[in-house]
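**Student:** Coordinates in target-v4.pdb, PDB, C-alpha atoms and all ligand atoms, are listed below.
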```pdb
ATOM      1  CA  MET A   1      19.928   2.840 -10.133
ATOM      2  CA  SER A   2      21.259   1.347 -13.329
ATOM      3  CA  GLU A   3      18.945   0.632 -16.253
ATOM      4  CA  SER A   4      19.425  -3.121 -15.765
ATOM      5  CA  LYS A   5      16.497  -5.388 -15.033
ATOM      6  CA  GLY A   6      17.564  -5.877 -11.430
ATOM      7  CA  TYR A   7      18.990  -8.945  -9.749
ATOM      8  CA  GLY A   8      15.842 -10.543  -8.337
ATOM      9  CA  LEU A   9      17.142  -9.786  -4.839
ATOM     10  CA  LEU A  10      13.636  -9.412  -3.405
ATOM     11  CA  LYS A  11      11.869 -12.043  -5.467
ATOM     12  CA  GLY A  12       8.922 -13.458  -3.508
ATOM     13  CA  LYS A  13       9.276 -10.898  -0.702
ATOM     14  CA  LYS A  14       6.407  -8.755   0.527
ATOM     15  CA  GLY A  15       6.556  -5.496   2.400
ATOM     16  CA  ILE A  16       5.055  -2.249   3.648
ATOM     17  CA  ILE A  17       6.460   1.077   2.433
ATOM     18  CA  PHE A  18       5.593   4.160   4.494
ATOM     19  CA  GLY A  19       6.315   7.734   3.412
ATOM     20  CA  ALA A  20       6.140   8.083  -0.377
ATOM     21  CA  LEU A  21       4.583  11.487  -1.089
ATOM     22  CA  ASP A  22       5.792  12.492  -4.549
ATOM     23  CA  GLU A  23       8.386  11.219  -6.972
ATOM     24  CA  ARG A  24      11.223  12.971  -5.166
ATOM     25  CA  SER A  25      10.444  11.118  -1.896
ATOM     26  CA  ILE A  26      13.140   8.664  -0.849
ATOM     27  CA  ALA A  27      10.350   6.115  -0.152
ATOM     28  CA  TRP A  28       9.072   6.552  -3.722
ATOM     29  CA  ARG A  29      12.530   5.721  -5.123
ATOM     30  CA  ILE A  30      12.778   2.762  -2.718
ATOM     31  CA  ALA A  31       9.376   1.455  -3.868
ATOM     32  CA  LEU A  32      10.529   1.535  -7.518
ATOM     33  CA  ALA A  33      13.791  -0.224  -6.630
ATOM     34  CA  CYS A  34      11.956  -2.895  -4.583
ATOM     35  CA  LYS A  35       9.559  -3.519  -7.469
ATOM     36  CA  LYS A  36      12.465  -3.859  -9.881
ATOM     37  CA  GLU A  37      14.014  -6.463  -7.556
ATOM     38  CA  GLY A  38      10.810  -8.510  -7.559
ATOM     39  CA  ALA A  39       9.005  -7.458  -4.345
ATOM     40  CA  ASP A  40       5.290  -6.896  -3.772
ATOM     41  CA  PHE A  41       4.186  -4.351  -1.201
ATOM     42  CA  VAL A  42       1.501  -2.051   0.096
ATOM     43  CA  LEU A  43       2.059   1.697   0.172
ATOM     44  CA  SER A  44       0.917   3.851   3.064
ATOM     45  CA  ASN A  45       0.826   7.525   3.917
ATOM     46  CA  ALA A  46      -1.236   9.944   6.035
ATOM     47  CA  PRO A  47      -4.717  10.680   4.597
ATOM     48  CA  ILE A  48      -3.800  14.340   4.055
ATOM     49  CA  ALA A  49      -0.669  13.328   2.128
ATOM     50  CA  LEU A  50      -2.789  11.064  -0.063
ATOM     51  CA  ARG A  51      -4.957  14.046  -0.921
ATOM     52  CA  LEU A  52      -2.059  16.436  -1.575
ATOM     53  CA  GLY A  53       0.463  14.041  -3.083
ATOM     54  CA  THR A  54       0.556  11.826  -6.136
ATOM     55  CA  LEU A  55       0.736   8.370  -4.564
ATOM     56  CA  ASP A  56      -1.960   6.915  -6.835
ATOM     57  CA  ALA A  57       0.471   7.076  -9.763
ATOM     58  CA  LEU A  58       3.071   5.049  -7.832
ATOM     59  CA  GLY A  59       0.394   2.563  -6.765
ATOM     60  CA  GLU A  60      -0.517   2.011 -10.412
ATOM     61  CA  GLU A  61       3.071   1.806 -11.595
ATOM     62  CA  THR A  62       4.056  -0.773  -8.961
ATOM     63  CA  ASN A  63       0.683  -2.526  -8.751
ATOM     64  CA  ALA A  64       0.560  -1.793  -5.022
ATOM     65  CA  PRO A  65      -2.545  -1.257  -2.890
ATOM     66  CA  ILE A  66      -2.578   2.031  -0.977
ATOM     67  CA  ILE A  67      -3.670   2.045   2.661
ATOM     68  CA  PRO A  68      -4.122   5.415   4.392
ATOM     69  CA  CYS A  69      -2.663   5.659   7.903
ATOM     70  CA  ASP A  70      -1.818   8.576  10.149
ATOM     71  CA  VAL A  71       0.952   7.029  12.253
ATOM     72  CA  SER A  72       0.192   9.355  15.168
ATOM     73  CA  ASP A  73      -3.126   7.524  15.579
ATOM     74  CA  GLU A  74      -2.776   4.080  17.211
ATOM     75  CA  GLU A  75      -6.134   2.880  15.891
ATOM     76  CA  ASP A  76      -5.093   3.794  12.356
ATOM     77  CA  VAL A  77      -1.876   1.797  12.673
ATOM     78  CA  GLU A  78      -3.725  -1.237  14.039
ATOM     79  CA  LYS A  79      -6.327  -0.970  11.264
ATOM     80  CA  LEU A  80      -3.584  -0.764   8.665
ATOM     81  CA  MET A  81      -1.911  -3.934   9.945
ATOM     82  CA  LYS A  82      -5.239  -5.792   9.770
ATOM     83  CA  GLN A  83      -5.657  -4.666   6.154
ATOM     84  CA  VAL A  84      -2.086  -5.666   5.315
ATOM     85  CA  LYS A  85      -2.850  -9.112   6.708
ATOM     86  CA  GLU A  86      -5.829  -9.359   4.351
ATOM     87  CA  GLU A  87      -3.855  -8.058   1.347
ATOM     88  CA  LEU A  88      -0.518  -9.820   1.785
ATOM     89  CA  GLY A  89      -0.762 -12.327   4.637
ATOM     90  CA  GLY A  90       2.671 -11.664   6.150
ATOM     91  CA  VAL A  91       5.470  -9.221   5.351
ATOM     92  CA  ASP A  92       9.238  -9.680   4.992
ATOM     93  CA  PHE A  93      10.243  -6.026   5.062
ATOM     94  CA  ILE A  94       9.049  -2.662   6.320
ATOM     95  CA  LEU A  95      10.342   0.758   5.302
ATOM     96  CA  HIS A  96       9.746   3.642   7.728
ATOM     97  CA  ALA A  97      10.416   6.894   5.829
ATOM     98  CA  ILE A  98       8.358   9.281   7.938
ATOM     99  CA  GLY A  99       9.449  12.616   9.357
ATOM    100  CA  MET A 100       7.721  15.848  10.285
ATOM    101  CA  SER A 101       8.340  18.739  12.671
ATOM    102  CA  PRO A 102       5.568  21.301  13.137
ATOM    103  CA  ASN A 103       8.106  23.497  14.993
ATOM    104  CA  ILE A 104      10.409  23.645  11.967
ATOM    105  CA  ARG A 105       7.458  24.197   9.645
ATOM    106  CA  LYS A 106       6.147  27.027  11.767
ATOM    107  CA  LYS A 107       9.621  28.491  12.368
ATOM    108  CA  LYS A 108       9.744  27.975  16.149
ATOM    109  CA  GLU A 109      13.366  28.082  17.295
ATOM    110  CA  TYR A 110      14.745  25.246  19.483
ATOM    111  CA  LYS A 111      14.908  27.381  22.657
ATOM    112  CA  ASP A 112      11.289  28.410  22.167
ATOM    113  CA  LEU A 113       9.614  25.152  21.083
ATOM    114  CA  ASN A 114       5.875  24.688  21.266
ATOM    115  CA  TYR A 115       5.693  21.554  23.449
ATOM    116  CA  ASN A 116       2.579  20.140  21.802
ATOM    117  CA  TRP A 117       4.354  20.362  18.479
ATOM    118  CA  TYR A 118       7.539  18.944  20.021
ATOM    119  CA  ASN A 119       5.506  15.899  21.135
ATOM    120  CA  GLN A 120       4.114  15.606  17.609
ATOM    121  CA  THR A 121       7.626  15.726  16.120
ATOM    122  CA  LEU A 122       8.771  12.868  18.363
ATOM    123  CA  ASP A 123       5.534  10.913  17.928
ATOM    124  CA  ILE A 124       5.321  11.110  14.123
ATOM    125  CA  SER A 125       9.044  10.876  13.364
ATOM    126  CA  ALA A 126      10.211   8.338  15.960
ATOM    127  CA  ILE A 127       7.616   6.724  18.252
ATOM    128  CA  SER A 128       5.695   5.718  15.129
ATOM    129  CA  LEU A 129       8.410   3.116  14.443
ATOM    130  CA  HIS A 130       7.571   1.530  17.795
ATOM    131  CA  LYS A 131       3.840   1.588  16.993
ATOM    132  CA  VAL A 132       4.363   0.062  13.563
ATOM    133  CA  LEU A 133       6.402  -2.811  14.994
ATOM    134  CA  HIS A 134       4.071  -3.291  17.962
ATOM    135  CA  PHE A 135       0.926  -3.599  15.826
ATOM    136  CA  ALA A 136       2.672  -5.641  13.117
ATOM    137  CA  GLU A 137       3.629  -8.177  15.805
ATOM    138  CA  LYS A 138       0.172  -8.040  17.371
ATOM    139  CA  GLN A 139      -1.384  -8.973  14.007
ATOM    140  CA  GLU A 140       1.340 -11.611  13.550
ATOM    141  CA  ILE A 141       2.268 -10.337  10.109
ATOM    142  CA  LEU A 142       6.056  -9.988  10.552
ATOM    143  CA  ASN A 143       7.677 -13.018   8.953
ATOM    144  CA  ASP A 144      10.725 -14.682  10.549
ATOM    145  CA  GLY A 145      13.970 -13.512   8.901
ATOM    146  CA  GLY A 146      12.423 -10.174   7.900
ATOM    147  CA  SER A 147      14.061  -6.765   7.745
ATOM    148  CA  VAL A 148      12.973  -3.337   8.973
ATOM    149  CA  VAL A 149      14.668  -0.110   7.870
ATOM    150  CA  ALA A 150      13.959   3.410   9.137
ATOM    151  CA  LEU A 151      15.539   6.463   7.528
ATOM    152  CA  SER A 152      17.587   8.677   9.815
ATOM    153  CA  TYR A 153      19.967  11.646   9.628
ATOM    154  CA  ILE A 154      23.319  12.465  11.231
ATOM    155  CA  GLY A 155      21.558  15.124  13.332
ATOM    156  CA  ALA A 156      21.050  12.226  15.786
ATOM    157  CA  GLN A 157      24.786  12.331  16.595
ATOM    158  CA  ARG A 158      25.883  15.863  15.715
ATOM    159  CA  ILE A 159      23.836  18.983  16.116
ATOM    160  CA  PHE A 160      22.791  20.837  13.002
ATOM    161  CA  SER A 161      21.035  23.889  14.406
ATOM    162  CA  LYS A 162      18.458  24.280  11.629
ATOM    163  CA  TYR A 163      17.410  20.634  12.123
ATOM    164  CA  SER A 164      16.200  21.693  15.592
ATOM    165  CA  ASP A 165      13.876  19.172  17.311
ATOM    166  CA  MET A 166      14.344  16.697  14.440
ATOM    167  CA  ASN A 167      17.877  16.114  15.862
ATOM    168  CA  ASP A 168      16.111  14.761  18.976
ATOM    169  CA  ALA A 169      13.566  12.767  16.967
ATOM    170  CA  LYS A 170      16.282  10.995  14.966
ATOM    171  CA  ALA A 171      18.225  10.125  18.150
ATOM    172  CA  LEU A 172      15.047   8.553  19.560
ATOM    173  CA  LEU A 173      14.299   6.773  16.270
ATOM    174  CA  GLU A 174      17.752   5.169  16.233
ATOM    175  CA  SER A 175      17.370   4.087  19.863
ATOM    176  CA  ILE A 176      13.969   2.482  19.183
ATOM    177  CA  ALA A 177      15.482   0.604  16.221
ATOM    178  CA  ARG A 178      18.207  -0.867  18.470
ATOM    179  CA  ASN A 179      15.816  -1.620  21.319
ATOM    180  CA  TYR A 180      13.260  -3.386  19.103
ATOM    181  CA  GLY A 181      16.023  -5.055  17.076
ATOM    182  CA  SER A 182      17.321  -6.763  20.218
ATOM    183  CA  ARG A 183      13.854  -8.216  20.868
ATOM    184  CA  LEU A 184      13.087  -9.339  17.306
ATOM    185  CA  ALA A 185      16.492 -10.944  16.776
ATOM    186  CA  GLU A 186      15.305 -14.270  18.227
ATOM    187  CA  ARG A 187      13.129 -14.586  15.109
ATOM    188  CA  GLY A 188      15.960 -13.529  12.787
ATOM    189  CA  ILE A 189      14.304 -10.145  12.166
ATOM    190  CA  ARG A 190      16.721  -7.252  11.602
ATOM    191  CA  VAL A 191      16.000  -3.636  12.534
ATOM    192  CA  ASN A 192      18.368  -0.929  11.262
ATOM    193  CA  THR A 193      18.416   2.768  10.526
ATOM    194  CA  VAL A 194      20.000   4.208   7.379
ATOM    195  CA  SER A 195      21.470   7.645   7.989
ATOM    196  CA  GLN A 196      21.051   9.323   4.629
ATOM    197  CA  ALA A 197      22.862  12.485   3.522
ATOM    198  CA  PRO A 198      20.817  15.633   2.742
ATOM    199  CA  THR A 199      18.568  14.805  -0.215
ATOM    200  CA  LYS A 200      16.392  17.199  -2.217
ATOM    201  CA  THR A 201      12.860  16.089  -1.279
ATOM    202  CA  SER A 202       9.734  17.772   0.020
ATOM    203  CA  ALA A 203      10.646  17.196   3.717
ATOM    204  CA  GLY A 204      14.305  18.114   3.106
ATOM    205  CA  SER A 205      13.606  21.329   1.257
ATOM    206  CA  GLY A 206      11.118  22.356   3.982
ATOM    207  CA  ILE A 207      14.028  22.940   6.381
ATOM    208  CA  LYS A 208      15.333  26.508   6.510
ATOM    209  CA  GLY A 209      19.006  26.436   5.538
ATOM    210  CA  PHE A 210      18.633  23.051   3.791
ATOM    211  CA  ASP A 211      20.555  24.208   0.713
ATOM    212  CA  SER A 212      23.603  25.134   2.804
ATOM    213  CA  MET A 213      23.402  21.801   4.691
ATOM    214  CA  TYR A 214      23.273  20.035   1.315
ATOM    215  CA  THR A 215      26.265  21.956  -0.079
ATOM    216  CA  PHE A 216      28.280  21.577   3.145
ATOM    217  CA  ALA A 217      27.814  17.778   3.063
ATOM    218  CA  GLU A 218      28.474  17.628  -0.679
ATOM    219  CA  LYS A 219      31.765  19.496  -0.316
ATOM    220  CA  ILE A 220      33.008  17.376   2.609
ATOM    221  CA  ALA A 221      31.912  13.855   1.574
ATOM    222  CA  PRO A 222      34.707  12.334  -0.557
ATOM    223  CA  LEU A 223      32.127  10.510  -2.701
ATOM    224  CA  GLY A 224      29.647  13.397  -2.666
ATOM    225  CA  ASN A 225      26.026  13.213  -1.517
ATOM    226  CA  PRO A 226      24.143  10.045  -2.494
ATOM    227  CA  SER A 227      20.887  10.488  -4.389
ATOM    228  CA  ALA A 228      17.510   9.073  -3.330
ATOM    229  CA  ASP A 229      17.939   6.336  -5.974
ATOM    230  CA  GLU A 230      21.300   5.365  -4.482
ATOM    231  CA  CYS A 231      19.676   5.235  -1.051
ATOM    232  CA  ALA A 232      17.055   2.943  -2.587
ATOM    233  CA  ASP A 233      19.722   0.557  -3.863
ATOM    234  CA  TYR A 234      21.274   0.397  -0.398
ATOM    235  CA  CYS A 235      17.910  -0.293   1.258
ATOM    236  CA  VAL A 236      17.270  -3.118  -1.230
ATOM    237  CA  THR A 237      20.432  -4.852   0.024
ATOM    238  CA  LEU A 238      19.201  -4.501   3.608
ATOM    239  CA  PHE A 239      15.819  -6.023   2.732
ATOM    240  CA  SER A 240      17.520  -8.847   0.847
ATOM    241  CA  ASP A 241      18.957 -12.101   2.196
ATOM    242  CA  LEU A 242      22.496 -10.777   1.620
ATOM    243  CA  THR A 243      22.519  -8.933   4.954
ATOM    244  CA  LYS A 244      20.960 -11.462   7.331
ATOM    245  CA  LYS A 245      23.241 -10.750  10.296
ATOM    246  CA  VAL A 246      23.157  -6.955  10.135
ATOM    247  CA  THR A 247      20.949  -5.601  12.884
ATOM    248  CA  MET A 248      20.653  -2.853  15.524
ATOM    249  CA  GLN A 249      22.922  -0.622  13.420
ATOM    250  CA  ASN A 250      22.807   2.958  12.297
ATOM    251  CA  LEU A 251      24.288   2.667   8.812
ATOM    252  CA  TYR A 252      25.673   5.814   7.223
ATOM    253  CA  HIS A 253      24.816   6.330   3.583
ATOM    254  CA  ASP A 254      26.560   9.642   3.118
ATOM    255  CA  GLY A 255      29.505   9.343   0.689
ATOM    256  CA  GLY A 256      31.980   9.223   3.603
ATOM    257  CA  PHE A 257      30.813  12.464   5.272
ATOM    258  CA  VAL A 258      30.660  11.038   8.809
ATOM    259  CA  THR A 259      34.336  10.084   8.979
ATOM    260  CA  SER A 260      35.726  13.067   7.079
ATOM    261  CA  GLY A 261      37.113  16.167   8.790
ATOM    262  CA  ILE A 262      37.180  18.719   6.017
ATOM    263  CA  SER A 263      37.993  18.618   2.303
ATOM    264  CA  GLU A 264      41.061  20.208   0.711
ATOM    265  CA  GLU A 265      38.712  22.353  -1.380
ATOM    266  CA  MET A 266      37.047  23.777   1.724
ATOM    267  CA  ILE A 267      40.351  24.389   3.525
ATOM    268  CA  ASP A 268      41.715  26.242   0.491
ATOM    269  CA  GLY A 269      38.514  28.306   0.328
ATOM    270  CA  LEU A 270      38.689  29.182   4.029
ATOM    271  CA  VAL A 271      42.388  30.086   3.867
ATOM    272  CA  LYS A 272      41.672  32.443   0.949
ATOM    273  CA  LEU A 273      38.665  33.939   2.720
ATOM    274  CA  TYR A 274      40.609  34.709   5.894
ATOM    275  CA  ALA A 275      43.646  35.947   3.924
ATOM    276  CA  ASP A 276      41.352  38.408   2.102
ATOM    277  CA  GLU A 277      40.002  39.626   5.450
ATOM    278  CA  GLU A 278      43.487  40.424   6.845
TER     279      GLU A 278
HETATM  280  N1  LIG B   1      15.579  14.586   2.568
HETATM  281  C1  LIG B   1      16.612  14.490   3.357
HETATM  282  O1  LIG B   1      17.550  15.302   3.281
HETATM  283  C2  LIG B   1      16.709  13.377   4.360
HETATM  284  C3  LIG B   1      17.975  13.035   4.899
HETATM  285  C4  LIG B   1      18.047  12.010   5.841
HETATM  286  C5  LIG B   1      16.884  11.370   6.241
HETATM  287  N2  LIG B   1      15.673  11.722   5.704
HETATM  288  C6  LIG B   1      14.470  11.035   6.178
HETATM  289  O2  LIG B   1      13.905  10.301   5.130
HETATM  290  C7  LIG B   1      12.525  10.101   5.441
HETATM  291  C8  LIG B   1      11.684  10.448   4.212
HETATM  292  O3  LIG B   1      11.760  11.821   3.964
HETATM  293  P1  LIG B   1      11.901  12.469   2.502
HETATM  294  O4  LIG B   1      13.086  13.341   2.540
HETATM  295  O5  LIG B   1      11.781  11.431   1.460
HETATM  296  O6  LIG B   1      10.679  13.484   2.444
HETATM  297  P2  LIG B   1       9.100  13.280   2.142
HETATM  298  O7  LIG B   1       8.460  14.548   2.520
HETATM  299  O8  LIG B   1       8.937  12.826   0.751
HETATM  300  O9  LIG B   1       8.678  12.115   3.150
HETATM  301  C9  LIG B   1       8.231  12.330   4.480
HETATM  302  C10 LIG B   1       6.955  11.545   4.604
HETATM  303  O10 LIG B   1       6.431  11.514   5.943
HETATM  304  C11 LIG B   1       5.010  11.439   5.798
HETATM  305  N3  LIG B   1       4.294  11.763   7.033
HETATM  306  C12 LIG B   1       4.320  12.939   7.720
HETATM  307  N4  LIG B   1       3.448  12.872   8.752
HETATM  308  C13 LIG B   1       2.881  11.637   8.731
HETATM  309  C14 LIG B   1       1.897  10.976   9.535
HETATM  310  N5  LIG B   1       1.350  11.584  10.592
HETATM  311  N6  LIG B   1       1.549   9.716   9.211
HETATM  312  C15 LIG B   1       2.097   9.073   8.141
HETATM  313  N7  LIG B   1       3.047   9.657   7.350
HETATM  314  C16 LIG B   1       3.405  10.915   7.635
HETATM  315  C17 LIG B   1       4.753  12.484   4.706
HETATM  316  O11 LIG B   1       3.451  12.436   4.175
HETATM  317  C18 LIG B   1       5.838  12.134   3.717
HETATM  318  O12 LIG B   1       5.396  11.165   2.797
HETATM  319  C19 LIG B   1      12.212  10.947   6.675
HETATM  320  O13 LIG B   1      12.302  10.149   7.838
HETATM  321  C20 LIG B   1      13.369  11.937   6.655
HETATM  322  O14 LIG B   1      13.618  12.493   7.920
HETATM  323  C21 LIG B   1      15.565  12.700   4.767
END
```
Here is the file; what I need is its structure written in the form of structure tokens.

**Tutor:**
Amino acid sequence: MSESKGYGLLKGKKGIIFGALDERSIAWRIALACKKEGADFVLSNAPIALRLGTLDALGEETNAPIIPCDVSDEEDVEKLMKQVKEELGGVDFILHAIGMSPNIRKKKEYKDLNYNWYNQTLDISAISLHKVLHFAEKQEILNDGGSVVALSYIGAQRIFSKYSDMNDAKALLESIARNYGSRLAERGIRVNTVSQAPTKTSAGSGIKGFDSMYTFAEKIAPLGNPSADECADYCVTLFSDLTKKVTMQNLYHDGGFVTSGISEEMIDGLVKLYADEE
């Protein structure tokens, strides 16, 4: 993000931002960018994350109320939407930046998943988008012409073994975004996923082998890996009125990784490696 004052792209818009835990969180960077562009919003995270994280500081900096909500609990989500209605009336944008796999955390390999944890992975990381939209509509707080963005990862399309059951969760998340997007389109509401490159955050670094995934992507993407702040800038455009007809898309924000085969640098390195072995 440049040091400019912003462009007023979100002036007068209100939103809900899920998933800011600490200042490395992509949602944290998005909240700062949205504020800079003139938006008002509420921040939400799981009660345990509010205890362990530093969200209060972001709430103060952006003048945003904080509403606790464990998205795996339907009642919590409904309660949150009621509170949002009291705080803001309606909302023009929602950011879903929530992901968690107990199997990855507890080092359960994909062929040996704990099924309760597998359900939790899918529930917290994907089905929660459905719940959020369902209860937002039920409380009638989603304004016409609004925009919803959920953060995804290319594991939805291509298997990265260390990403394990999160590959499945992201595939489901992207499908829910399309499915809901088709139903909300009659009110001009867009629903998209942004497929972000590996980014050094708390969730990212919790994945075994994350550093090699980060370096692999960095070496292949012609523009290199985008930072969390660059992801924030992109999300601002999607929340703004400049992208009114973009919906039901999975939008890659990855420096060109998804359409690149391999970089010259990596080919040269591999050729040398194999030549040394002969
Ligand atoms: N870091 C990366 O490399 C990367 C790449 C692509 C996509 N993403 C996605 O971006 C999003 C944000 O992740 P991040 O990397 O900023 O890490 P992060 O750890 O900062 O954010 C994940 C958030 O999910 C929240 N969460 C977990 N369980 C929850 C629950 N039950 N209820 C409510 N919230 C809950 C956590 O408290 C945390 O704030 C995730 O969807 C992640 O999968 C991350």

**Student:** Which residue is closest to ligand LIG 1 (chain B)? Choose from A:Tyr163, A:Tyr234, A:Phe93, A:Tyr110 and count all atoms listed in the file.

**Tutor:**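 Smallest separation from ligand LIG 1 (chain B) among the options: A:Tyr163.
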
**Student:** Could you list the residues chosen by the PyMOL selection byres (((chain A and resi 37) around 10) and not hetatm) in this structure as a PyMOL selection string?

**Tutor:** chain A and resi 5-13+31-36+38-40+233+236+240

**Student:** Using all atoms listed in the file, determine which residues lie at most 8 Å from region 218-230 of chain A, disregarding the query and same-chain residues fewer than 5 positions distant; provide the list as a PyMOL selection string.

**Tutor:** chain A and resi 1+24-26+29-30+33+196-199+253-258+260-263+265-266

**Student:** When the cut-off is 6 Å and you count only C-alpha atoms and all ligand atoms, which residues lie near ligand LIG 1 (chain B), shown as a ChimeraX atom specification?

**Tutor:** /A:19-21,25-27,45-46,49,69-72,97-100,124,151-153,195-204

**Student:** Could the residues in this selection be written to a file with C-alpha atoms, as a short mmCIF file (atom, residue, chain, number, x, y, z; two decimals), in the frame of the given file?

**Tutor:**
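Below is the file part.cif, written as the result:
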```cif
data_model
loop_
_atom_site.label_atom_id
_atom_site.label_comp_id
_atom_site.auth_asym_id
_atom_site.auth_seq_id
_atom_site.Cartn_x
_atom_site.Cartn_y
_atom_site.Cartn_z
CA GLY A 19 6.32 7.73 3.41
CA ALA A 20 6.14 8.08 -0.38
CA LEU A 21 4.58 11.49 -1.09
CA SER A 25 10.44 11.12 -1.90
CA ILE A 26 13.14 8.66 -0.85
CA ALA A 27 10.35 6.12 -0.15
CA ASN A 45 0.83 7.52 3.92
CA ALA A 46 -1.24 9.94 6.04
CA ALA A 49 -0.67 13.33 2.13
CA CYS A 69 -2.66 5.66 7.90
CA ASP A 70 -1.82 8.58 10.15
CA VAL A 71 0.95 7.03 12.25
CA SER A 72 0.19 9.36 15.17
CA ALA A 97 10.42 6.89 5.83
CA ILE A 98 8.36 9.28 7.94
CA GLY A 99 9.45 12.62 9.36
CA MET A 100 7.72 15.85 10.28
CA ILE A 124 5.32 11.11 14.12
CA LEU A 151 15.54 6.46 7.53
CA SER A 152 17.59 8.68 9.82
CA TYR A 153 19.97 11.65 9.63
CA SER A 195 21.47 7.64 7.99
CA GLN A 196 21.05 9.32 4.63
CA ALA A 197 22.86 12.48 3.52
CA PRO A 198 20.82 15.63 2.74
CA THR A 199 18.57 14.80 -0.22
CA LYS A 200 16.39 17.20 -2.22
CA THR A 201 12.86 16.09 -1.28
CA SER A 202 9.73 17.77 0.02
CA ALA A 203 10.65 17.20 3.72
CA GLY A 204 14.30 18.11 3.11
#
```

**Student:** With distances taken over only C-alpha atoms, which residue among A:Lys106, A:Arg51, A:His130, A:Arg178 lies nearest Val246 (chain A)?

**Tutor:**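 Among A:Lys106, A:Arg51, A:His130, A:Arg178, it is A:Arg178 that comes nearest to Val246 (chain A).
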
**Student:** Centre and edge lengths of an axis-aligned box around all listed atoms of region 161-166 of chain A, with 6 Å added on each side, are to be given in Å to one decimal, as JSON.

**Tutor:**
```
{"center_x": 17.5, "center_y": 20.5, "center_z": 14.5, "size_x": 19.2, "size_y": 19.6, "size_z": 17.7}
```

**Student:** Work out how far CA of Val91 (chain A) is from CA of Leu43 (chain A), in Å to one decimal.

**Tutor:**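 Result for CA of Leu43 (chain A) versus CA of Val91 (chain A): 12.6 Å, one decimal.
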
**Student:** Will you model N, CA and C atoms for region 46-60 of chain A and pass it back as a PDB file, in the frame of the given file?

**Tutor:**
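Output file part-v7.pdb is given in full below:
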```pdb
ATOM      1  N   ALA A  46      -0.161   9.280   5.293  1.00  0.00           N
ATOM      2  CA  ALA A  46      -1.236   9.944   6.035  1.00  0.00           C
ATOM      3  C   ALA A  46      -2.346  10.355   5.061  1.00  0.00           C
ATOM      4  N   PRO A  47      -3.624  10.307   5.495  1.00  0.00           N
ATOM      5  CA  PRO A  47      -4.717  10.680   4.597  1.00  0.00           C
ATOM      6  C   PRO A  47      -4.506  12.036   3.923  1.00  0.00           C
ATOM      7  N   ILE A  48      -4.001  13.006   4.659  1.00  0.00           N
ATOM      8  CA  ILE A  48      -3.800  14.340   4.055  1.00  0.00           C
ATOM      9  C   ILE A  48      -2.752  14.283   2.944  1.00  0.00           C
ATOM     10  N   ALA A  49      -1.715  13.459   3.148  1.00  0.00           N
ATOM     11  CA  ALA A  49      -0.669  13.328   2.128  1.00  0.00           C
ATOM     12  C   ALA A  49      -1.223  12.641   0.881  1.00  0.00           C
ATOM     13  N   LEU A  50      -2.182  11.738   1.099  1.00  0.00           N
ATOM     14  CA  LEU A  50      -2.789  11.064  -0.063  1.00  0.00           C
ATOM     15  C   LEU A  50      -3.592  12.061  -0.888  1.00  0.00           C
ATOM     16  N   ARG A  51      -4.180  13.035  -0.182  1.00  0.00           N
ATOM     17  CA  ARG A  51      -4.957  14.046  -0.921  1.00  0.00           C
ATOM     18  C   ARG A  51      -4.035  15.012  -1.663  1.00  0.00           C
ATOM     19  N   LEU A  52      -2.934  15.412  -0.986  1.00  0.00           N
ATOM     20  CA  LEU A  52      -2.059  16.436  -1.575  1.00  0.00           C
ATOM     21  C   LEU A  52      -1.012  15.862  -2.525  1.00  0.00           C
ATOM     22  N   GLY A  53      -0.625  14.625  -2.299  1.00  0.00           N
ATOM     23  CA  GLY A  53       0.463  14.041  -3.083  1.00  0.00           C
ATOM     24  C   GLY A  53      -0.021  13.335  -4.332  1.00  0.00           C
ATOM     25  N   THR A  54       0.853  12.474  -4.858  1.00  0.00           N
ATOM     26  CA  THR A  54       0.556  11.826  -6.136  1.00  0.00           C
ATOM     27  C   THR A  54       0.745  10.310  -6.026  1.00  0.00           C
ATOM     28  N   LEU A  55       0.426   9.777  -4.832  1.00  0.00           N
ATOM     29  CA  LEU A  55       0.736   8.370  -4.564  1.00  0.00           C
ATOM     30  C   LEU A  55      -0.009   7.396  -5.481  1.00  0.00           C
ATOM     31  N   ASP A  56      -1.193   7.803  -5.940  1.00  0.00           N
ATOM     32  CA  ASP A  56      -1.960   6.915  -6.835  1.00  0.00           C
ATOM     33  C   ASP A  56      -1.117   6.454  -8.027  1.00  0.00           C
ATOM     34  N   ALA A  57      -0.350   7.398  -8.580  1.00  0.00           N
ATOM     35  CA  ALA A  57       0.471   7.076  -9.763  1.00  0.00           C
ATOM     36  C   ALA A  57       1.478   5.980  -9.424  1.00  0.00           C
ATOM     37  N   LEU A  58       2.091   6.073  -8.237  1.00  0.00           N
ATOM     38  CA  LEU A  58       3.071   5.049  -7.832  1.00  0.00           C
ATOM     39  C   LEU A  58       2.373   3.708  -7.591  1.00  0.00           C
ATOM     40  N   GLY A  59       1.168   3.784  -6.998  1.00  0.00           N
ATOM     41  CA  GLY A  59       0.394   2.563  -6.765  1.00  0.00           C
ATOM     42  C   GLY A  59       0.126   1.843  -8.083  1.00  0.00           C
ATOM     43  N   GLU A  60      -0.244   2.625  -9.098  1.00  0.00           N
ATOM     44  CA  GLU A  60      -0.517   2.011 -10.412  1.00  0.00           C
ATOM     45  C   GLU A  60       0.752   1.434 -11.028  1.00  0.00           C
TER      46      GLU A  60
END
```
